[in-house]
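File shown: model09.pdb. Contents: PDB, C-alpha atoms and all ligand atoms.
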ATOM      1  CA  MET Q   1     -12.085  -5.651  57.267  1.00  0.00           C
ATOM      2  CA  GLU Q   2      -8.785  -7.315  56.380  1.00  0.00           C
ATOM      3  CA  THR Q   3      -5.516  -5.642  55.510  1.00  0.00           C
ATOM      4  CA  GLU Q   4      -3.733  -5.995  52.213  1.00  0.00           C
ATOM      5  CA  ASN Q   5      -1.178  -8.539  53.482  1.00  0.00           C
ATOM      6  CA  GLN Q   6      -3.856 -10.928  54.571  1.00  0.00           C
ATOM      7  CA  ILE Q   7      -5.673 -11.134  51.257  1.00  0.00           C
ATOM      8  CA  SER Q   8      -5.299 -14.517  49.625  1.00  0.00           C
ATOM      9  CA  ARG Q   9      -6.655 -15.928  46.392  1.00  0.00           C
ATOM     10  CA  ALA Q  10      -8.857 -18.199  48.514  1.00  0.00           C
ATOM     11  CA  ASP Q  11     -10.426 -15.122  50.181  1.00  0.00           C
ATOM     12  CA  ILE Q  12     -11.107 -13.589  46.785  1.00  0.00           C
ATOM     13  CA  ASP Q  13     -12.531 -16.818  45.329  1.00  0.00           C
ATOM     14  CA  ALA Q  14     -14.815 -17.239  48.338  1.00  0.00           C
ATOM     15  CA  ILE Q  15     -16.340 -13.813  47.663  1.00  0.00           C
ATOM     16  CA  ILE Q  16     -16.762 -14.511  43.958  1.00  0.00           C
ATOM     17  CA  ALA Q  17     -18.223 -18.026  44.291  1.00  0.00           C
ATOM     18  CA  PRO Q  18     -21.864 -17.099  45.099  1.00  0.00           C
ATOM     19  CA  PHE Q  19     -21.951 -14.755  42.085  1.00  0.00           C
ATOM     20  CA  ARG Q  20     -20.781 -17.267  39.485  1.00  0.00           C
ATOM     21  CA  GLY Q  21     -23.180 -18.095  36.669  1.00  0.00           C
ATOM     22  CA  ARG Q  22     -25.389 -15.093  37.366  1.00  0.00           C
ATOM     23  CA  LYS Q  23     -25.968 -12.094  35.122  1.00  0.00           C
ATOM     24  CA  GLY Q  24     -25.200  -8.448  35.966  1.00  0.00           C
ATOM     25  CA  ILE Q  25     -22.755  -9.376  38.701  1.00  0.00           C
ATOM     26  CA  LEU Q  26     -19.936  -6.944  38.010  1.00  0.00           C
ATOM     27  CA  ILE Q  27     -20.973  -3.988  40.179  1.00  0.00           C
ATOM     28  CA  PRO Q  28     -22.496  -6.078  43.014  1.00  0.00           C
ATOM     29  CA  LEU Q  29     -19.302  -8.128  43.055  1.00  0.00           C
ATOM     30  CA  LEU Q  30     -17.094  -5.044  43.235  1.00  0.00           C
ATOM     31  CA  GLN Q  31     -19.279  -3.699  46.048  1.00  0.00           C
ATOM     32  CA  LYS Q  32     -18.957  -6.972  47.915  1.00  0.00           C
ATOM     33  CA  MET Q  33     -15.186  -6.986  47.465  1.00  0.00           C
ATOM     34  CA  GLN Q  34     -14.932  -3.441  48.784  1.00  0.00           C
ATOM     35  CA  GLU Q  35     -17.276  -4.198  51.681  1.00  0.00           C
ATOM     36  CA  ARG Q  36     -14.968  -7.029  52.707  1.00  0.00           C
ATOM     37  CA  PHE Q  37     -11.570  -5.354  52.295  1.00  0.00           C
ATOM     38  CA  GLY Q  38     -12.386  -1.644  52.375  1.00  0.00           C
ATOM     39  CA  TYR Q  39     -11.176  -1.343  48.783  1.00  0.00           C
ATOM     40  CA  VAL Q  40     -10.965  -3.482  45.653  1.00  0.00           C
ATOM     41  CA  PRO Q  41      -7.588  -5.261  45.704  1.00  0.00           C
ATOM     42  CA  ARG Q  42      -5.794  -5.296  42.361  1.00  0.00           C
ATOM     43  CA  GLU Q  43      -5.250  -9.035  42.604  1.00  0.00           C
ATOM     44  CA  SER Q  44      -9.020  -9.497  42.538  1.00  0.00           C
ATOM     45  CA  ILE Q  45      -9.511  -7.759  39.171  1.00  0.00           C
ATOM     46  CA  GLU Q  46      -8.680 -10.712  36.917  1.00  0.00           C
ATOM     47  CA  PRO Q  47     -10.780 -13.239  38.860  1.00  0.00           C
ATOM     48  CA  ILE Q  48     -13.681 -10.759  38.909  1.00  0.00           C
ATOM     49  CA  ALA Q  49     -13.371 -10.161  35.160  1.00  0.00           C
ATOM     50  CA  GLU Q  50     -13.296 -13.882  34.495  1.00  0.00           C
ATOM     51  CA  ALA Q  51     -16.403 -14.481  36.638  1.00  0.00           C
ATOM     52  CA  ALA Q  52     -18.286 -11.598  35.022  1.00  0.00           C
ATOM     53  CA  GLY Q  53     -17.264 -12.604  31.486  1.00  0.00           C
ATOM     54  CA  VAL Q  54     -15.577  -9.289  30.695  1.00  0.00           C
ATOM     55  CA  PHE Q  55     -12.002  -8.128  30.112  1.00  0.00           C
ATOM     56  CA  PRO Q  56     -10.000  -6.807  33.082  1.00  0.00           C
ATOM     57  CA  VAL Q  57      -9.786  -3.422  31.360  1.00  0.00           C
ATOM     58  CA  GLU Q  58     -13.577  -3.161  31.616  1.00  0.00           C
ATOM     59  CA  VAL Q  59     -13.380  -3.781  35.348  1.00  0.00           C
ATOM     60  CA  TYR Q  60     -10.785  -1.009  35.665  1.00  0.00           C
ATOM     61  CA  GLY Q  61     -13.091   1.229  33.618  1.00  0.00           C
ATOM     62  CA  ILE Q  62     -15.905   0.725  36.125  1.00  0.00           C
ATOM     63  CA  LEU Q  63     -13.557   1.245  39.066  1.00  0.00           C
ATOM     64  CA  THR Q  64     -12.234   4.529  37.784  1.00  0.00           C
ATOM     65  CA  PHE Q  65     -15.654   5.785  36.630  1.00  0.00           C
ATOM     66  CA  TYR Q  66     -17.478   5.308  39.921  1.00  0.00           C
ATOM     67  CA  ALA Q  67     -16.108   7.410  42.789  1.00  0.00           C
ATOM     68  CA  GLN Q  68     -17.496   4.907  45.298  1.00  0.00           C
ATOM     69  CA  PHE Q  69     -14.768   2.380  44.485  1.00  0.00           C
ATOM     70  CA  TYR Q  70     -11.208   2.488  45.805  1.00  0.00           C
ATOM     71  CA  LEU Q  71      -8.184   0.662  44.469  1.00  0.00           C
ATOM     72  CA  GLU Q  72      -5.995   1.415  47.461  1.00  0.00           C
ATOM     73  CA  PRO Q  73      -6.472   0.610  51.144  1.00  0.00           C
ATOM     74  CA  ARG Q  74      -8.338   3.305  53.022  1.00  0.00           C
ATOM     75  CA  GLY Q  75      -7.833   4.790  56.446  1.00  0.00           C
ATOM     76  CA  ARG Q  76     -10.212   4.022  59.298  1.00  0.00           C
ATOM     77  CA  HIS Q  77     -11.437   7.613  59.025  1.00  0.00           C
ATOM     78  CA  THR Q  78     -11.860   9.858  55.999  1.00  0.00           C
ATOM     79  CA  ILE Q  79     -11.254  13.601  56.351  1.00  0.00           C
ATOM     80  CA  ARG Q  80     -12.981  15.564  53.591  1.00  0.00           C
ATOM     81  CA  VAL Q  81     -11.897  19.199  53.419  1.00  0.00           C
ATOM     82  CA  CYS Q  82     -14.175  21.390  51.321  1.00  0.00           C
ATOM     83  CA  GLN Q  83     -12.386  23.398  48.653  1.00  0.00           C
ATOM     84  CA  GLY Q  84     -15.474  24.955  47.109  1.00  0.00           C
ATOM     85  CA  THR Q  85     -15.258  28.711  46.519  1.00  0.00           C
ATOM     86  CA  ALA Q  86     -16.751  29.877  49.821  1.00  0.00           C
ATOM     87  CA  CYS Q  87     -14.657  27.483  51.887  1.00  0.00           C
ATOM     88  CA  TYR Q  88     -11.522  28.211  49.920  1.00  0.00           C
ATOM     89  CA  ILE Q  89     -11.913  31.962  50.468  1.00  0.00           C
ATOM     90  CA  MET Q  90     -12.612  31.444  54.169  1.00  0.00           C
ATOM     91  CA  GLY Q  91      -9.402  29.461  54.746  1.00  0.00           C
ATOM     92  CA  GLY Q  92     -10.207  25.977  53.502  1.00  0.00           C
ATOM     93  CA  LYS Q  93      -6.884  25.765  51.688  1.00  0.00           C
ATOM     94  CA  ASP Q  94      -4.980  26.529  54.916  1.00  0.00           C
ATOM     95  CA  ILE Q  95      -6.922  23.801  56.680  1.00  0.00           C
ATOM     96  CA  LEU Q  96      -6.183  21.278  53.957  1.00  0.00           C
ATOM     97  CA  ASP Q  97      -2.481  22.195  54.003  1.00  0.00           C
ATOM     98  CA  HIS Q  98      -2.410  21.995  57.786  1.00  0.00           C
ATOM     99  CA  VAL Q  99      -4.075  18.581  57.949  1.00  0.00           C
ATOM    100  CA  CYS Q 100      -1.830  17.174  55.219  1.00  0.00           C
ATOM    101  CA  GLY Q 101       1.277  18.621  56.894  1.00  0.00           C
ATOM    102  CA  LYS Q 102       0.297  17.379  60.325  1.00  0.00           C
ATOM    103  CA  LEU Q 103      -0.327  13.858  59.055  1.00  0.00           C
ATOM    104  CA  GLY Q 104       2.563  13.816  56.575  1.00  0.00           C
ATOM    105  CA  VAL Q 105       0.431  12.863  53.567  1.00  0.00           C
ATOM    106  CA  GLN Q 106      -0.851  14.412  50.375  1.00  0.00           C
ATOM    107  CA  VAL Q 107      -4.485  14.727  49.326  1.00  0.00           C
ATOM    108  CA  GLU Q 108      -5.991  11.322  48.409  1.00  0.00           C
ATOM    109  CA  GLU Q 109      -3.360   9.544  50.499  1.00  0.00           C
ATOM    110  CA  THR Q 110      -3.702   7.436  53.617  1.00  0.00           C
ATOM    111  CA  THR Q 111      -1.509   7.743  56.686  1.00  0.00           C
ATOM    112  CA  LYS Q 112       0.937   4.889  57.311  1.00  0.00           C
ATOM    113  CA  ASP Q 113      -0.951   3.854  60.429  1.00  0.00           C
ATOM    114  CA  ASN Q 114      -4.170   3.631  58.363  1.00  0.00           C
ATOM    115  CA  ARG Q 115      -5.826   6.117  60.681  1.00  0.00           C
ATOM    116  CA  PHE Q 116      -6.833   8.770  58.127  1.00  0.00           C
ATOM    117  CA  THR Q 117      -7.421   9.185  54.403  1.00  0.00           C
ATOM    118  CA  ILE Q 118      -7.524  12.800  53.214  1.00  0.00           C
ATOM    119  CA  GLU Q 119      -9.811  13.991  50.444  1.00  0.00           C
ATOM    120  CA  ARG Q 120     -10.478  17.339  48.827  1.00  0.00           C
ATOM    121  CA  VAL Q 121     -14.167  17.847  48.030  1.00  0.00           C
ATOM    122  CA  ALA Q 122     -16.176  20.478  46.197  1.00  0.00           C
ATOM    123  CA  CYS Q 123     -19.031  22.378  47.832  1.00  0.00           C
ATOM    124  CA  LEU Q 124     -20.798  20.371  50.528  1.00  0.00           C
ATOM    125  CA  GLY Q 125     -23.843  22.636  50.299  1.00  0.00           C
ATOM    126  CA  CYS Q 126     -23.441  24.515  53.568  1.00  0.00           C
ATOM    127  CA  CYS Q 127     -21.324  27.479  52.467  1.00  0.00           C
ATOM    128  CA  GLY Q 128     -22.726  29.668  55.287  1.00  0.00           C
ATOM    129  CA  MET Q 129     -20.672  27.514  57.668  1.00  0.00           C
ATOM    130  CA  ALA Q 130     -17.440  27.858  55.655  1.00  0.00           C
ATOM    131  CA  PRO Q 131     -14.840  26.571  55.938  1.00  0.00           C
ATOM    132  CA  VAL Q 132     -16.310  23.121  56.267  1.00  0.00           C
ATOM    133  CA  VAL Q 133     -14.761  19.725  56.996  1.00  0.00           C
ATOM    134  CA  MET Q 134     -16.340  16.299  57.284  1.00  0.00           C
ATOM    135  CA  ILE Q 135     -14.726  13.457  59.168  1.00  0.00           C
ATOM    136  CA  ASP Q 136     -16.532  10.231  58.319  1.00  0.00           C
ATOM    137  CA  ASN Q 137     -20.198  11.280  58.658  1.00  0.00           C
ATOM    138  CA  ASP Q 138     -19.528  14.110  61.122  1.00  0.00           C
ATOM    139  CA  PHE Q 139     -19.771  17.694  59.965  1.00  0.00           C
ATOM    140  CA  TYR Q 140     -17.624  20.569  61.257  1.00  0.00           C
ATOM    141  CA  GLY Q 141     -18.340  24.168  60.268  1.00  0.00           C
ATOM    142  CA  ARG Q 142     -16.354  27.390  60.746  1.00  0.00           C
ATOM    143  CA  CYS Q 143     -13.195  25.336  61.050  1.00  0.00           C
ATOM    144  CA  THR Q 144      -9.842  26.666  62.097  1.00  0.00           C
ATOM    145  CA  VAL Q 145      -6.544  24.794  62.226  1.00  0.00           C
ATOM    146  CA  GLN Q 146      -6.822  24.767  66.038  1.00  0.00           C
ATOM    147  CA  LYS Q 147     -10.300  23.293  65.869  1.00  0.00           C
ATOM    148  CA  MET Q 148      -9.066  20.621  63.440  1.00  0.00           C
ATOM    149  CA  ASP Q 149      -6.264  19.660  65.833  1.00  0.00           C
ATOM    150  CA  GLU Q 150      -8.843  19.195  68.566  1.00  0.00           C
ATOM    151  CA  VAL Q 151     -11.485  17.259  66.653  1.00  0.00           C
ATOM    152  CA  MET Q 152      -8.985  14.931  64.978  1.00  0.00           C
ATOM    153  CA  GLU Q 153      -8.053  13.693  68.441  1.00  0.00           C
ATOM    154  CA  ASN Q 154     -11.515  12.105  68.646  1.00  0.00           C
ATOM    155  CA  TYR Q 155     -10.748   9.758  65.759  1.00  0.00           C
ATOM    156  CA  LYS Q 156      -8.303   7.009  66.666  1.00  0.00           C
TER     157      LYS Q 156
HETATM  158  S1  LIG Q 201     -17.978  25.889  49.362  1.00  0.00           S
HETATM  159 FE1  LIG Q 201     -17.698  24.606  51.074  1.00  0.00          FE
HETATM  160  S2  LIG Q 201     -19.706  24.142  51.659  1.00  0.00           S
HETATM  161 FE2  LIG Q 201     -19.976  25.339  49.890  1.00  0.00          FE
END

Conversion result in structure tokens:
Amino acid sequence: METENQISRADIDAIIAPFRGRKGILIPLLQKMQERFGYVPRESIEPIAEAAGVFPVEVYGILTFYAQFYLEPRGRHTIRVCQGTACYIMGGKDILDHVCGKLGVQVEETTKDNRFTIERVACLGCCGMAPVVMIDNDFYGRCTVQKMDEVMENYK
């Protein structure tokens, strides 16, 4: 995965090239772009629109409609703190505030060192383990702020 500063028009064109002249390329092309960079760089929107034969505004529409796409660089790890009712009541809000405070970011932001992106999520379907946090694909139940401090150390 490359960082934002390294993205050139040549990189973008190289990703688009195999898709040119084909139908139904918009979503596969956006997926490919995100796979390569970890997000869909804004400078790629116009070339993508041109290749797909749509207006840039339509590309933005797709990007904002589908939660799978990101317009900003992401951290190496994503912390998802459940704010569903059960988790909220059991201290999920304190955990979210603690994690944000500790990392110096707001929800939906990424730390300056690109280590973590923080997200607030609704019920993860395991309310009996509230409050619940996921880091990448790892699940942590009955979280406390102390437990969060410990587990976050495992993600560099
Ligand atoms: S409310 Fe958090 S898992 Fe259901």

Closest pair table for chain Q residues within 12 Å of ligand LIG 201 (chain Q), all atoms listed in the file, as a Markdown table:
| residue | atom | partner | partner_atom | distance |
| --- | --- | --- | --- | --- |
| Q:Arg80 | CA | Q:LIG201 | FE1 | 10.5 |
| Q:Val81 | CA | Q:LIG201 | FE1 | 8.3 |
| Q:Cys82 | CA | Q:LIG201 | FE1 | 4.8 |
| Q:Gln83 | CA | Q:LIG201 | FE1 | 6.0 |
| Q:Gly84 | CA | Q:LIG201 | S1 | 3.5 |
| Q:Thr85 | CA | Q:LIG201 | S1 | 4.8 |
| Q:Ala86 | CA | Q:LIG201 | S1 | 4.2 |
| Q:Cys87 | CA | Q:LIG201 | FE1 | 4.3 |
| Q:Tyr88 | CA | Q:LIG201 | S1 | 6.9 |
| Q:Ile89 | CA | Q:LIG201 | S1 | 8.7 |
| Q:Met90 | CA | Q:LIG201 | FE1 | 9.1 |
| Q:Gly91 | CA | Q:LIG201 | FE1 | 10.3 |
| Q:Gly92 | CA | Q:LIG201 | FE1 | 8.0 |
| Q:Lys93 | CA | Q:LIG201 | FE1 | 10.9 |
| Q:Arg120 | CA | Q:LIG201 | FE1 | 10.5 |
| Q:Val121 | CA | Q:LIG201 | FE1 | 8.2 |
| Q:Ala122 | CA | Q:LIG201 | S1 | 6.5 |
| Q:Cys123 | CA | Q:LIG201 | FE2 | 3.7 |
| Q:Leu124 | CA | Q:LIG201 | S2 | 4.1 |
| Q:Gly125 | CA | Q:LIG201 | S2 | 4.6 |
| Q:Cys126 | CA | Q:LIG201 | S2 | 4.2 |
| Q:Cys127 | CA | Q:LIG201 | FE2 | 3.6 |
| Q:Gly128 | CA | Q:LIG201 | S2 | 7.3 |
| Q:Met129 | CA | Q:LIG201 | S2 | 7.0 |
| Q:Ala130 | CA | Q:LIG201 | FE1 | 5.6 |
| Q:Pro131 | CA | Q:LIG201 | FE1 | 6.0 |
| Q:Val132 | CA | Q:LIG201 | FE1 | 5.6 |
| Q:Val133 | CA | Q:LIG201 | FE1 | 8.2 |
| Q:Met134 | CA | Q:LIG201 | S2 | 10.2 |
| Q:Phe139 | CA | Q:LIG201 | S2 | 10.5 |
| Q:Tyr140 | CA | Q:LIG201 | S2 | 10.5 |
| Q:Gly141 | CA | Q:LIG201 | S2 | 8.7 |
| Q:Arg142 | CA | Q:LIG201 | FE1 | 10.2 |
| Q:Cys143 | CA | Q:LIG201 | FE1 | 11.0 |

Could you turn the residues from that selection into a file that holds C-alpha atoms, as an mmCIF file, in the coordinates of the input?
data_model
loop_
_atom_site.group_PDB
_atom_site.id
_atom_site.type_symbol
_atom_site.label_atom_id
_atom_site.label_comp_id
_atom_site.auth_asym_id
_atom_site.auth_seq_id
_atom_site.Cartn_x
_atom_site.Cartn_y
_atom_site.Cartn_z
ATOM 1 C CA ARG Q 80 -12.981 15.564 53.591
ATOM 2 C CA VAL Q 81 -11.897 19.199 53.419
ATOM 3 C CA CYS Q 82 -14.175 21.390 51.321
ATOM 4 C CA GLN Q 83 -12.386 23.398 48.653
ATOM 5 C CA GLY Q 84 -15.474 24.955 47.109
ATOM 6 C CA THR Q 85 -15.258 28.711 46.519
ATOM 7 C CA ALA Q 86 -16.751 29.877 49.821
ATOM 8 C CA CYS Q 87 -14.657 27.483 51.887
ATOM 9 C CA TYR Q 88 -11.522 28.211 49.920
ATOM 10 C CA ILE Q 89 -11.913 31.962 50.468
ATOM 11 C CA MET Q 90 -12.612 31.444 54.169
ATOM 12 C CA GLY Q 91 -9.402 29.461 54.746
ATOM 13 C CA GLY Q 92 -10.207 25.977 53.502
ATOM 14 C CA LYS Q 93 -6.884 25.765 51.688
ATOM 15 C CA ARG Q 120 -10.478 17.339 48.827
ATOM 16 C CA VAL Q 121 -14.167 17.847 48.030
ATOM 17 C CA ALA Q 122 -16.176 20.478 46.197
ATOM 18 C CA CYS Q 123 -19.031 22.378 47.832
ATOM 19 C CA LEU Q 124 -20.798 20.371 50.528
ATOM 20 C CA GLY Q 125 -23.843 22.636 50.299
ATOM 21 C CA CYS Q 126 -23.441 24.515 53.568
ATOM 22 C CA CYS Q 127 -21.324 27.479 52.467
ATOM 23 C CA GLY Q 128 -22.726 29.668 55.287
ATOM 24 C CA MET Q 129 -20.672 27.514 57.668
ATOM 25 C CA ALA Q 130 -17.440 27.858 55.655
ATOM 26 C CA PRO Q 131 -14.840 26.571 55.938
ATOM 27 C CA VAL Q 132 -16.310 23.121 56.267
ATOM 28 C CA VAL Q 133 -14.761 19.725 56.996
ATOM 29 C CA MET Q 134 -16.340 16.299 57.284
ATOM 30 C CA PHE Q 139 -19.771 17.694 59.965
ATOM 31 C CA TYR Q 140 -17.624 20.569 61.257
ATOM 32 C CA GLY Q 141 -18.340 24.168 60.268
ATOM 33 C CA ARG Q 142 -16.354 27.390 60.746
ATOM 34 C CA CYS Q 143 -13.195 25.336 61.050
#

### Task
Would you mind telling me which residue in Q:Gln34, Q:Asn154, Q:Thr144, Q:Thr78 lies nearest to Glu109 (chain Q) when using only C-alpha atoms?
Q:Thr78

### Task
Counting only C-alpha atoms, note down every residue that has an atom within 9 Å of the point (-7.0, 18.3, 57.7) (file coordinates), as a count of residues only.
20

### Task
Go through the shown structure with the PyMOL selection byres (((chain Q and resi 41) around 12) and not hetatm) and write out the matching residues as number ranges by chain.
Q: 2-9, 11-12, 30-40, 42-48, 59-60, 63, 69-74

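One finds CA of Glu150 (chain Q) at 17.4 Å from CA of Thr117 (chain Q).
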
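Minimum atom-to-atom distance to Lys156 (chain Q), evaluated using all atoms listed in the file, belongs to Q:Gly75 out of Q:Gly75, Q:Gly24, Q:Pro56, Q:Gly61.
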
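CA of Arg115 (chain Q) is found 18.5 Å from CA of Lys147 (chain Q).
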
## Note on the structure
The distance between CA of Phe116 (chain Q) and CA of Tyr66 (chain Q) is 21.4 Å

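Picked by the PyMOL selection byres (((chain Q and resi 136) around 6) and not hetatm) from the coordinates shown: His77, Thr78, Ile135, Asn137 and Asp138 of chain Q.
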